[in-house]
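Student: Here it is, the structure, as structure tokens.
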Amino acid sequence: VAAVPVREGGDPLVDLRGTAIALDPRKAAADGSYAHLRRDVVRRLERAQTLLPGGLRLLVVEGHRPPALQQHYFAEYRAGLAVLHPDWDDDRLDRAASRYVSPPAVAPHPAGAAVDLTLTTADGVELDMGTRVNADPEESHGACYTDAPGLPARARAHRRTLADALTAVGLVNYPTEWWHWSHGDRYWALATGAPAAVHGPVELPTRPGG
């Protein structure tokens, strides 16, 4: 993924608040970064929502993530693995951590190109997806993997419904996290064969007076 070039297209970050896409507050941050995504990604989500069966809606948990926060998540998860596996060397810890939390240099969330999301009913009740959003492999015993074996039939069907709508509008899934989808980032480029990513790391614009 790190070898994929970035040819920044300049698509701006858009605030999801006020759009047709529902936003969950569990990852709310004071700077509002979690509520932002590249404009093209927002438009794709809006189209995907129209493809869902009647009575279902997308619920975004997290969009843009500042690079410093991405570094914190990576270091925190890696430290936890080090406690669980004191015999692992640094290289193995880095590789294992990278399967669940992307290193900041290649992570799609800081590019505003990735979204963590799930499905709800029209009344806002989350569907059973087999695990909670952001469940790690250790906690979920691997059930966080999109195509994990042994999932209840209902949860597998719900994941397929989500995947069908998002795939139809060009997003790609990171297979260790059923909730993580992206478009325009380095991983998307690698997965689709695009010559370059069009979204690189970006900082949320400072508000006037901020």
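Labeling convention for the structure tokens: chains A, B, ... as they appear, residues from 1 per chain, ligands from 1 in order of appearance.
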List the spatial neighbours of Asp94 of chain A as a PDB file with N, CA, C and O atoms, in the first residue's frame - criterion: any atom at most 9 Å away, only C-alpha atoms, same-chain residues fewer than 4 positions off excluded.
Tutor:
ATOM      1  N   ARG A  78      -0.856  -1.496  19.103  1.00  0.00           N
ATOM      2  CA  ARG A  78       0.431  -2.207  19.074  1.00  0.00           C
ATOM      3  C   ARG A  78       0.912  -2.505  20.489  1.00  0.00           C
ATOM      4  O   ARG A  78       1.428  -3.601  20.767  1.00  0.00           O
ATOM      5  N   ASP A  89       8.823  -9.910  18.140  1.00  0.00           N
ATOM      6  CA  ASP A  89       9.770  -8.824  17.937  1.00  0.00           C
ATOM      7  C   ASP A  89       9.056  -7.615  17.329  1.00  0.00           C
ATOM      8  O   ASP A  89       7.861  -7.667  17.005  1.00  0.00           O
ATOM      9  N   ASP A  90       9.781  -6.501  17.166  1.00  0.00           N
ATOM     10  CA  ASP A  90       9.167  -5.261  16.695  1.00  0.00           C
ATOM     11  C   ASP A  90       8.539  -5.416  15.315  1.00  0.00           C
ATOM     12  O   ASP A  90       7.451  -4.886  15.050  1.00  0.00           O
ATOM     13  N   SER A  98      -0.702  -3.591  11.987  1.00  0.00           N
ATOM     14  CA  SER A  98      -1.109  -2.979  10.722  1.00  0.00           C
ATOM     15  C   SER A  98      -2.303  -3.674  10.088  1.00  0.00           C
ATOM     16  O   SER A  98      -3.001  -3.082   9.254  1.00  0.00           O
ATOM     17  N   ARG A  99      -2.554  -4.916  10.466  1.00  0.00           N
ATOM     18  CA  ARG A  99      -3.712  -5.616   9.904  1.00  0.00           C
ATOM     19  C   ARG A  99      -5.023  -5.048  10.423  1.00  0.00           C
ATOM     20  O   ARG A  99      -6.064  -5.179   9.785  1.00  0.00           O
ATOM     21  N   PRO A 103      -0.988   2.078   9.668  1.00  0.00           N
ATOM     22  CA  PRO A 103       0.027   3.066  10.048  1.00  0.00           C
ATOM     23  C   PRO A 103      -0.369   4.430   9.490  1.00  0.00           C
ATOM     24  O   PRO A 103      -0.962   4.512   8.393  1.00  0.00           O
TER      25      PRO A 103
END
Student: Using only C-alpha atoms, find each residue of segment 57-112 of chain A with at least one atom at most 12 Å away from an atom of segment 7-14 of chain A; report its shortest atom-to-atom pair and that distance in Å (one decimal), sort the rows by chain and rising residue number, and return the result as CSV.
Tutor:
residue,atom,partner,partner_atom,distance
A:Gly63,CA,A:Leu13,CA,10.0
A:His64,CA,A:Leu13,CA,8.4
A:Arg65,CA,A:Leu13,CA,11.5
A:His109,CA,A:Leu13,CA,11.8
A:Pro110,CA,A:Leu13,CA,11.0
A:Ala111,CA,A:Leu13,CA,9.3
A:Gly112,CA,A:Leu13,CA,6.8
Student: With N, CA and C atoms retained, write the just-selected residues as a CSV table (one decimal), in the first residue's frame.
Tutor:
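Written file, selection.csv:
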chain,number,residue,atom,x,y,z
A,63,GLY,N,-15.6,9.3,10.2
A,63,GLY,CA,-15.1,9.6,8.9
A,63,GLY,C,-13.6,10.0,9.0
A,64,HIS,N,-13.4,11.3,8.8
A,64,HIS,CA,-12.0,11.8,8.9
A,64,HIS,C,-11.4,11.6,10.3
A,65,ARG,N,-10.1,11.3,10.3
A,65,ARG,CA,-9.4,11.1,11.5
A,65,ARG,C,-8.1,11.9,11.4
A,109,HIS,N,-8.3,6.9,6.8
A,109,HIS,CA,-9.1,7.9,7.6
A,109,HIS,C,-8.5,9.3,7.6
A,110,PRO,N,-7.2,9.4,7.8
A,110,PRO,CA,-6.6,10.8,7.7
A,110,PRO,C,-6.8,11.5,6.3
A,111,ALA,N,-7.1,10.7,5.3
A,111,ALA,CA,-7.3,11.2,4.0
A,111,ALA,C,-8.7,11.7,3.8
A,112,GLY,N,-9.6,11.4,4.8
A,112,GLY,CA,-11.0,11.7,4.6
A,112,GLY,C,-11.7,10.8,3.6
Student: Nearest residue to Ala197 of chain A out of A:Ala97, A:Ala135, A:Val106, A:Leu119, using only C-alpha atoms?
Tutor: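 Selected residue with least distance to Ala197 of chain A: A:Val106.
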Student: If you count only C-alpha atoms, which residues fall within 12 Å of segment 187-192 of chain A, apart from same-chain ones fewer than 6 positions away, as a list in words?
Tutor: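 Here the qualifying residues turn out to be Val1, Ala2, Ala3, Val4, Pro5, Val6, Arg7, Ser102, Ala105, Val106, Ala107, Pro108, His109, Ala111, Ala113, Ala114, Thr167, Gly170, Leu171, Val172, Asn173, Tyr174, Pro175, His180, Trp181, Val198, His199 and Gly200 of chain A.
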Student: Write a file of the just-selected residues containing N, CA and C atoms, as a PDB file, in the first residue's frame.
Tutor:
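Output saved as selection18.pdb:
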ATOM      1  N   VAL A   1       0.833  -1.200   0.000  1.00  0.00           N
ATOM      2  CA  VAL A   1       0.000   0.000   0.000  1.00  0.00           C
ATOM      3  C   VAL A   1       0.874   1.260   0.000  1.00  0.00           C
ATOM      4  N   ALA A   2       1.957   1.230   0.752  1.00  0.00           N
ATOM      5  CA  ALA A   2       2.830   2.403   0.844  1.00  0.00           C
ATOM      6  C   ALA A   2       3.461   2.756  -0.490  1.00  0.00           C
ATOM      7  N   ALA A   3       3.553   1.776  -1.398  1.00  0.00           N
ATOM      8  CA  ALA A   3       4.171   2.032  -2.700  1.00  0.00           C
ATOM      9  C   ALA A   3       3.219   2.713  -3.682  1.00  0.00           C
ATOM     10  N   VAL A   4       1.933   2.783  -3.345  1.00  0.00           N
ATOM     11  CA  VAL A   4       0.953   3.407  -4.243  1.00  0.00           C
ATOM     12  C   VAL A   4       1.120   4.925  -4.187  1.00  0.00           C
ATOM     13  N   PRO A   5       1.302   5.578  -5.341  1.00  0.00           N
ATOM     14  CA  PRO A   5       1.452   7.044  -5.320  1.00  0.00           C
ATOM     15  C   PRO A   5       0.135   7.747  -5.034  1.00  0.00           C
ATOM     16  N   VAL A   6       0.225   8.976  -4.558  1.00  0.00           N
ATOM     17  CA  VAL A   6      -0.955   9.808  -4.320  1.00  0.00           C
ATOM     18  C   VAL A   6      -0.916  10.989  -5.273  1.00  0.00           C
ATOM     19  N   ARG A   7      -1.947  11.153  -6.046  1.00  0.00           N
ATOM     20  CA  ARG A   7      -2.108  12.320  -6.919  1.00  0.00           C
ATOM     21  C   ARG A   7      -3.336  13.074  -6.417  1.00  0.00           C
ATOM     22  N   SER A 102      -4.271   0.912  10.485  1.00  0.00           N
ATOM     23  CA  SER A 102      -3.297   1.304   9.470  1.00  0.00           C
ATOM     24  C   SER A 102      -2.255   2.252  10.044  1.00  0.00           C
ATOM     25  N   ALA A 105       0.984   6.804   7.883  1.00  0.00           N
ATOM     26  CA  ALA A 105       1.435   7.229   6.552  1.00  0.00           C
ATOM     27  C   ALA A 105       0.542   6.718   5.430  1.00  0.00           C
ATOM     28  N   VAL A 106      -0.134   5.597   5.641  1.00  0.00           N
ATOM     29  CA  VAL A 106      -0.951   5.021   4.571  1.00  0.00           C
ATOM     30  C   VAL A 106      -2.430   4.926   4.942  1.00  0.00           C
ATOM     31  N   ALA A 107      -2.794   5.379   6.121  1.00  0.00           N
ATOM     32  CA  ALA A 107      -4.164   5.207   6.614  1.00  0.00           C
ATOM     33  C   ALA A 107      -5.170   6.016   5.803  1.00  0.00           C
ATOM     34  N   PRO A 108      -6.315   5.407   5.469  1.00  0.00           N
ATOM     35  CA  PRO A 108      -7.330   6.128   4.685  1.00  0.00           C
ATOM     36  C   PRO A 108      -8.169   7.124   5.477  1.00  0.00           C
ATOM     37  N   HIS A 109      -8.334   6.918   6.790  1.00  0.00           N
ATOM     38  CA  HIS A 109      -9.142   7.869   7.567  1.00  0.00           C
ATOM     39  C   HIS A 109      -8.531   9.279   7.564  1.00  0.00           C
ATOM     40  N   ALA A 111      -7.054  10.660   5.300  1.00  0.00           N
ATOM     41  CA  ALA A 111      -7.279  11.214   3.971  1.00  0.00           C
ATOM     42  C   ALA A 111      -8.723  11.654   3.769  1.00  0.00           C
ATOM     43  N   ALA A 113     -11.027   9.679   3.254  1.00  0.00           N
ATOM     44  CA  ALA A 113     -11.513   8.797   2.202  1.00  0.00           C
ATOM     45  C   ALA A 113     -12.191   7.552   2.736  1.00  0.00           C
ATOM     46  N   ALA A 114     -12.092   7.315   4.054  1.00  0.00           N
ATOM     47  CA  ALA A 114     -12.635   6.101   4.643  1.00  0.00           C
ATOM     48  C   ALA A 114     -13.738   6.428   5.631  1.00  0.00           C
ATOM     49  N   THR A 167     -20.559  -1.413  -2.467  1.00  0.00           N
ATOM     50  CA  THR A 167     -19.801  -1.860  -3.641  1.00  0.00           C
ATOM     51  C   THR A 167     -20.391  -1.274  -4.916  1.00  0.00           C
ATOM     52  N   GLY A 170     -18.919   2.025  -5.747  1.00  0.00           N
ATOM     53  CA  GLY A 170     -17.481   2.117  -5.935  1.00  0.00           C
ATOM     54  C   GLY A 170     -16.611   2.070  -4.700  1.00  0.00           C
ATOM     55  N   LEU A 171     -17.190   1.890  -3.512  1.00  0.00           N
ATOM     56  CA  LEU A 171     -16.370   1.798  -2.312  1.00  0.00           C
ATOM     57  C   LEU A 171     -15.797   0.388  -2.182  1.00  0.00           C
ATOM     58  N   VAL A 172     -14.664   0.284  -1.500  1.00  0.00           N
ATOM     59  CA  VAL A 172     -14.050  -1.015  -1.247  1.00  0.00           C
ATOM     60  C   VAL A 172     -13.942  -1.237   0.261  1.00  0.00           C
ATOM     61  N   ASN A 173     -14.003  -2.487   0.643  1.00  0.00           N
ATOM     62  CA  ASN A 173     -13.956  -2.875   2.053  1.00  0.00           C
ATOM     63  C   ASN A 173     -12.559  -3.337   2.438  1.00  0.00           C
ATOM     64  N   TYR A 174     -12.161  -3.004   3.679  1.00  0.00           N
ATOM     65  CA  TYR A 174     -10.944  -3.563   4.244  1.00  0.00           C
ATOM     66  C   TYR A 174     -11.364  -4.858   4.928  1.00  0.00           C
ATOM     67  N   PRO A 175     -10.904  -6.023   4.465  1.00  0.00           N
ATOM     68  CA  PRO A 175     -11.522  -7.296   4.852  1.00  0.00           C
ATOM     69  C   PRO A 175     -11.388  -7.719   6.303  1.00  0.00           C
ATOM     70  N   HIS A 180     -15.568  -0.981   7.677  1.00  0.00           N
ATOM     71  CA  HIS A 180     -14.629  -0.009   7.108  1.00  0.00           C
ATOM     72  C   HIS A 180     -14.658  -0.057   5.581  1.00  0.00           C
ATOM     73  N   TRP A 181     -15.036   1.071   4.982  1.00  0.00           N
ATOM     74  CA  TRP A 181     -15.135   1.190   3.519  1.00  0.00           C
ATOM     75  C   TRP A 181     -14.466   2.485   3.075  1.00  0.00           C
ATOM     76  N   VAL A 198      -6.309   9.270  -5.116  1.00  0.00           N
ATOM     77  CA  VAL A 198      -6.666  10.662  -5.399  1.00  0.00           C
ATOM     78  C   VAL A 198      -6.892  11.455  -4.120  1.00  0.00           C
ATOM     79  N   HIS A 199      -6.870  10.756  -2.973  1.00  0.00           N
ATOM     80  CA  HIS A 199      -7.015  11.416  -1.677  1.00  0.00           C
ATOM     81  C   HIS A 199      -5.845  11.032  -0.782  1.00  0.00           C
ATOM     82  N   GLY A 200      -5.047  12.017  -0.380  1.00  0.00           N
ATOM     83  CA  GLY A 200      -3.970  11.803   0.574  1.00  0.00           C
ATOM     84  C   GLY A 200      -4.328  12.417   1.906  1.00  0.00           C
TER      85      GLY A 200
END
Student: What are the DSSP strand (DSSP E or B) residues of segment 39-173 of chain A, as JSON, numbers by chain?
Tutor: {"A": [56, 57, 58, 59, 60, 61, 62, 114, 115, 116, 117, 118, 119, 120, 121, 126, 172, 173]}
Student: Could you dump the residues just selected with all heavy atoms as a tab-separated table (two decimals), in the first residue's frame?
Tutor:
chain	number	residue	atom	x	y	z
A	56	LEU	N	-34.23	0.72	5.79
A	56	LEU	CA	-32.86	0.67	6.30
A	56	LEU	C	-32.11	1.96	5.96
A	56	LEU	O	-32.37	2.60	4.94
A	56	LEU	CB	-32.10	-0.53	5.72
A	56	LEU	CG	-32.63	-1.91	6.08
A	56	LEU	CD1	-31.70	-2.99	5.53
A	56	LEU	CD2	-32.81	-2.07	7.58
A	57	ARG	N	-31.18	2.30	6.85
A	57	ARG	CA	-30.38	3.51	6.64
A	57	ARG	C	-28.94	3.24	7.01
A	57	ARG	O	-28.62	2.37	7.83
A	57	ARG	CB	-30.90	4.66	7.54
A	57	ARG	CG	-32.32	5.10	7.26
A	57	ARG	CD	-32.65	6.33	8.10
A	57	ARG	NE	-31.84	7.48	7.72
A	57	ARG	CZ	-31.70	8.57	8.46
A	57	ARG	NH1	-32.29	8.64	9.66
A	57	ARG	NH2	-30.97	9.58	8.04
A	58	LEU	N	-28.05	4.03	6.42
A	58	LEU	CA	-26.65	4.01	6.82
A	58	LEU	C	-26.48	4.83	8.10
A	58	LEU	O	-27.17	5.84	8.29
A	58	LEU	CB	-25.77	4.62	5.73
A	58	LEU	CG	-25.75	3.92	4.37
A	58	LEU	CD1	-24.92	4.73	3.38
A	58	LEU	CD2	-25.19	2.50	4.49
A	59	LEU	N	-25.57	4.40	8.94
A	59	LEU	CA	-25.21	5.16	10.14
A	59	LEU	C	-23.69	5.27	10.18
A	59	LEU	O	-22.99	4.27	10.38
A	59	LEU	CB	-25.72	4.46	11.41
A	59	LEU	CG	-25.33	5.15	12.73
A	59	LEU	CD1	-26.02	6.52	12.85
A	59	LEU	CD2	-25.68	4.26	13.92
A	60	VAL	N	-23.18	6.48	10.00
A	60	VAL	CA	-21.73	6.71	10.01
A	60	VAL	C	-21.26	6.87	11.45
A	60	VAL	O	-21.82	7.65	12.22
A	60	VAL	CB	-21.37	7.96	9.18
A	60	VAL	CG1	-19.93	8.37	9.42
A	60	VAL	CG2	-21.60	7.68	7.70
A	61	VAL	N	-20.22	6.13	11.80
A	61	VAL	CA	-19.62	6.22	13.12
A	61	VAL	C	-18.39	7.11	13.11
A	61	VAL	O	-18.17	7.89	14.04
A	61	VAL	CB	-19.27	4.81	13.65
A	61	VAL	CG1	-18.53	4.88	14.98
A	61	VAL	CG2	-20.53	3.97	13.78
A	62	GLU	N	-17.58	7.01	12.06
A	62	GLU	CA	-16.39	7.87	11.98
A	62	GLU	C	-15.97	8.05	10.53
A	62	GLU	O	-15.96	7.11	9.75
A	62	GLU	CB	-15.23	7.27	12.77
A	62	GLU	CG	-14.01	8.19	12.86
A	62	GLU	CD	-12.90	7.65	13.71
A	62	GLU	OE1	-12.86	6.42	13.95
A	62	GLU	OE2	-12.04	8.45	14.12
A	114	ALA	N	-12.09	7.32	4.05
A	114	ALA	CA	-12.63	6.10	4.64
A	114	ALA	C	-13.74	6.43	5.63
A	114	ALA	O	-13.72	7.47	6.28
A	114	ALA	CB	-11.53	5.31	5.34
A	115	VAL	N	-14.66	5.49	5.73
A	115	VAL	CA	-15.79	5.68	6.64
A	115	VAL	C	-16.06	4.38	7.38
A	115	VAL	O	-16.02	3.29	6.80
A	115	VAL	CB	-17.04	6.14	5.86
A	115	VAL	CG1	-17.44	5.14	4.78
A	115	VAL	CG2	-18.20	6.42	6.79
A	116	ASP	N	-16.28	4.49	8.68
A	116	ASP	CA	-16.74	3.36	9.49
A	116	ASP	C	-18.24	3.53	9.67
A	116	ASP	O	-18.69	4.59	10.15
A	116	ASP	CB	-16.05	3.36	10.86
A	116	ASP	CG	-14.56	3.10	10.77
A	116	ASP	OD1	-14.10	2.57	9.73
A	116	ASP	OD2	-13.85	3.41	11.74
A	117	LEU	N	-18.99	2.52	9.31
A	117	LEU	CA	-20.44	2.69	9.31
A	117	LEU	C	-21.15	1.35	9.50
A	117	LEU	O	-20.55	0.28	9.39
A	117	LEU	CB	-20.92	3.37	8.04
A	117	LEU	CG	-21.00	2.57	6.73
A	117	LEU	CD1	-21.62	3.44	5.63
A	117	LEU	CD2	-19.68	2.04	6.26
A	118	THR	N	-22.44	1.44	9.79
A	118	THR	CA	-23.27	0.27	9.96
A	118	THR	C	-24.66	0.55	9.43
A	118	THR	O	-24.88	1.58	8.78
A	118	THR	CB	-23.29	-0.16	11.46
A	118	THR	OG1	-23.95	-1.42	11.58
A	118	THR	CG2	-23.96	0.89	12.34
A	119	LEU	N	-25.58	-0.36	9.69
A	119	LEU	CA	-26.96	-0.22	9.22
A	119	LEU	C	-27.91	-0.08	10.39
A	119	LEU	O	-27.70	-0.68	11.46
A	119	LEU	CB	-27.38	-1.45	8.41
A	119	LEU	CG	-26.74	-1.65	7.04
A	119	LEU	CD1	-27.19	-3.00	6.46
A	119	LEU	CD2	-27.11	-0.52	6.09
A	120	THR	N	-28.95	0.70	10.19
A	120	THR	CA	-30.01	0.83	11.20
A	120	THR	C	-31.37	0.72	10.53
A	120	THR	O	-31.50	0.82	9.31
A	120	THR	CB	-29.96	2.18	11.93
A	120	THR	OG1	-30.43	3.22	11.06
A	120	THR	CG2	-28.55	2.51	12.41
A	121	THR	N	-32.38	0.55	11.37
A	121	THR	CA	-33.75	0.66	10.89
A	121	THR	C	-34.07	2.15	10.72
A	121	THR	O	-33.28	3.02	11.10
A	121	THR	CB	-34.72	0.05	11.91
A	121	THR	OG1	-34.67	0.84	13.12
A	121	THR	CG2	-34.37	-1.39	12.23
A	126	GLU	N	-29.79	-0.15	15.55
A	126	GLU	CA	-28.73	-0.81	14.80
A	126	GLU	C	-29.05	-2.27	14.53
A	126	GLU	O	-29.55	-2.97	15.42
A	126	GLU	CB	-27.40	-0.71	15.55
A	126	GLU	CG	-26.83	0.70	15.55
A	126	GLU	CD	-25.44	0.76	16.16
A	126	GLU	OE1	-24.63	-0.16	15.91
A	126	GLU	OE2	-25.17	1.73	16.91
A	172	VAL	N	-14.66	0.28	-1.50
A	172	VAL	CA	-14.05	-1.01	-1.25
A	172	VAL	C	-13.94	-1.24	0.26
A	172	VAL	O	-13.80	-0.29	1.04
A	172	VAL	CB	-12.65	-1.15	-1.90
A	172	VAL	CG1	-12.75	-1.01	-3.40
A	172	VAL	CG2	-11.67	-0.13	-1.32
A	173	ASN	N	-14.00	-2.49	0.64
A	173	ASN	CA	-13.96	-2.87	2.05
A	173	ASN	C	-12.56	-3.34	2.44
A	173	ASN	O	-11.87	-3.98	1.66
A	173	ASN	CB	-14.97	-3.99	2.31
A	173	ASN	CG	-14.88	-4.59	3.70
A	173	ASN	OD1	-14.57	-5.77	3.84
A	173	ASN	ND2	-15.14	-3.79	4.72
Student: Give me the residues within 12 Å of segment 145-147 of chain A as a tab-separated table (two decimals) with N, CA and C atoms, in the first residue's frame, counting only C-alpha atoms and dropping any in the same chain fewer than 3 places off.
Tutor:
chain	number	residue	atom	x	y	z
A	99	ARG	N	-2.55	-4.92	10.47
A	99	ARG	CA	-3.71	-5.62	9.90
A	99	ARG	C	-5.02	-5.05	10.42
A	100	TYR	N	-4.97	-4.41	11.60
A	100	TYR	CA	-6.20	-3.87	12.19
A	100	TYR	C	-6.22	-2.35	12.20
A	129	MET	N	-24.89	-7.05	13.23
A	129	MET	CA	-23.88	-7.27	12.22
A	129	MET	C	-22.84	-8.31	12.64
A	130	GLY	N	-23.08	-8.98	13.75
A	130	GLY	CA	-22.18	-10.02	14.20
A	130	GLY	C	-21.19	-9.58	15.26
A	131	THR	N	-20.77	-8.31	15.21
A	131	THR	CA	-19.91	-7.70	16.24
A	131	THR	C	-20.28	-6.22	16.30
A	132	ARG	N	-19.80	-5.57	17.31
A	132	ARG	CA	-19.94	-4.12	17.35
A	132	ARG	C	-18.98	-3.49	16.34
A	133	VAL	N	-19.23	-2.27	15.95
A	133	VAL	CA	-18.29	-1.51	15.14
A	133	VAL	C	-17.00	-1.32	15.95
A	134	ASN	N	-15.87	-1.53	15.30
A	134	ASN	CA	-14.54	-1.36	15.90
A	134	ASN	C	-14.15	-2.48	16.86
A	135	ALA	N	-14.84	-3.62	16.81
A	135	ALA	CA	-14.39	-4.78	17.58
A	135	ALA	C	-13.08	-5.28	16.98
A	136	ASP	N	-12.08	-5.52	17.82
A	136	ASP	CA	-10.80	-5.99	17.27
A	136	ASP	C	-10.80	-7.51	17.16
A	137	PRO	N	-9.81	-8.08	16.45
A	137	PRO	CA	-9.80	-9.53	16.25
A	137	PRO	C	-9.71	-10.32	17.55
A	138	GLU	N	-9.00	-9.78	18.54
A	138	GLU	CA	-8.86	-10.50	19.81
A	138	GLU	C	-10.20	-10.54	20.55
A	139	GLU	N	-10.86	-9.41	20.63
A	139	GLU	CA	-12.14	-9.34	21.33
A	139	GLU	C	-13.20	-10.20	20.66
A	140	SER	N	-13.24	-10.16	19.32
A	140	SER	CA	-14.32	-10.82	18.57
A	140	SER	C	-13.97	-12.22	18.11
A	141	HIS	N	-12.75	-12.67	18.45
A	141	HIS	CA	-12.29	-13.99	18.00
A	141	HIS	C	-12.38	-14.11	16.47
A	142	GLY	N	-12.04	-13.00	15.81
A	142	GLY	CA	-12.00	-13.00	14.35
A	142	GLY	C	-13.32	-12.70	13.67
A	150	GLY	N	-18.73	-18.90	10.48
A	150	GLY	CA	-19.47	-19.12	11.71
A	150	GLY	C	-20.37	-18.00	12.16
A	151	LEU	N	-20.57	-16.98	11.33
A	151	LEU	CA	-21.47	-15.89	11.72
A	151	LEU	C	-22.91	-16.35	11.69
A	152	PRO	N	-23.76	-15.81	12.56
A	152	PRO	CA	-25.19	-16.11	12.46
A	152	PRO	C	-25.72	-15.68	11.09
A	153	ALA	N	-26.68	-16.40	10.58
A	153	ALA	CA	-27.19	-16.12	9.24
A	153	ALA	C	-27.72	-14.69	9.11
A	155	ALA	N	-26.76	-11.95	10.77
A	155	ALA	CA	-25.65	-11.00	10.73
A	155	ALA	C	-24.96	-11.05	9.37
A	156	ARG	N	-24.77	-12.24	8.82
A	156	ARG	CA	-24.13	-12.36	7.51
A	156	ARG	C	-24.97	-11.70	6.43
A	157	ALA	N	-26.28	-11.86	6.52
A	157	ALA	CA	-27.17	-11.23	5.54
A	157	ALA	C	-27.11	-9.72	5.64
A	158	HIS	N	-27.04	-9.20	6.85
A	158	HIS	CA	-26.95	-7.76	7.03
A	158	HIS	C	-25.64	-7.22	6.47
A	159	ARG	N	-24.56	-7.94	6.69
A	159	ARG	CA	-23.27	-7.51	6.12
A	159	ARG	C	-23.34	-7.50	4.60
A	160	ARG	N	-24.01	-8.49	4.03
A	160	ARG	CA	-24.12	-8.56	2.57
A	160	ARG	C	-24.96	-7.39	2.05
A	162	LEU	N	-25.21	-4.41	3.37
A	162	LEU	CA	-24.34	-3.24	3.43
A	162	LEU	C	-23.32	-3.27	2.31
A	163	ALA	N	-22.70	-4.42	2.11
A	163	ALA	CA	-21.66	-4.55	1.07
A	163	ALA	C	-22.23	-4.33	-0.33
A	172	VAL	N	-14.66	0.28	-1.50
A	172	VAL	CA	-14.05	-1.01	-1.25
A	172	VAL	C	-13.94	-1.24	0.26
A	173	ASN	N	-14.00	-2.49	0.64
A	173	ASN	CA	-13.96	-2.87	2.05
A	173	ASN	C	-12.56	-3.34	2.44
A	174	TYR	N	-12.16	-3.00	3.68
A	174	TYR	CA	-10.94	-3.56	4.24
A	174	TYR	C	-11.36	-4.86	4.93
A	175	PRO	N	-10.90	-6.02	4.47
A	175	PRO	CA	-11.52	-7.30	4.85
A	175	PRO	C	-11.39	-7.72	6.30
A	176	THR	N	-10.57	-7.04	7.10
A	176	THR	CA	-10.51	-7.40	8.52
A	176	THR	C	-11.52	-6.60	9.34
A	177	GLU	N	-12.25	-5.68	8.70
A	177	GLU	CA	-13.21	-4.83	9.41
A	177	GLU	C	-14.46	-4.68	8.54
A	178	TRP	N	-15.53	-5.34	8.91
A	178	TRP	CA	-16.73	-5.30	8.08
A	178	TRP	C	-17.29	-3.90	7.92
A	179	TRP	N	-17.01	-3.02	8.86
A	179	TRP	CA	-17.59	-1.67	8.89
A	179	TRP	C	-16.77	-0.63	8.13
A	180	HIS	N	-15.57	-0.98	7.68
A	180	HIS	CA	-14.63	-0.01	7.11
A	180	HIS	C	-14.66	-0.06	5.58
A	181	TRP	N	-15.04	1.07	4.98
A	181	TRP	CA	-15.14	1.19	3.52
A	181	TRP	C	-14.47	2.48	3.07
Student: Select, from A:Ala68, A:Leu51, A:Tyr77, A:Thr161, the residue with the minimum atom-to-atom distance to Leu127 of chain A, counting only C-alpha atoms.
Tutor: A:Thr161
Student: From a DSSP calculation on the backbone, collect every residue of segment 98-183 of chain A in alpha helix (DSSP H) and output the set as a list of chain:residue names.
Tutor: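 Filtering segment 98-183 of chain A to alpha helix (DSSP H) leaves A:Ser98, A:Pro137, A:Glu138, A:Glu139, A:Ser140, A:Ala153, A:Arg154, A:Ala155, A:Arg156, A:Ala157, A:His158, A:Arg159, A:Arg160, A:Thr161, A:Leu162, A:Ala163, A:Asp164, A:Ala165, A:Leu166, A:Thr167, A:Ala168.
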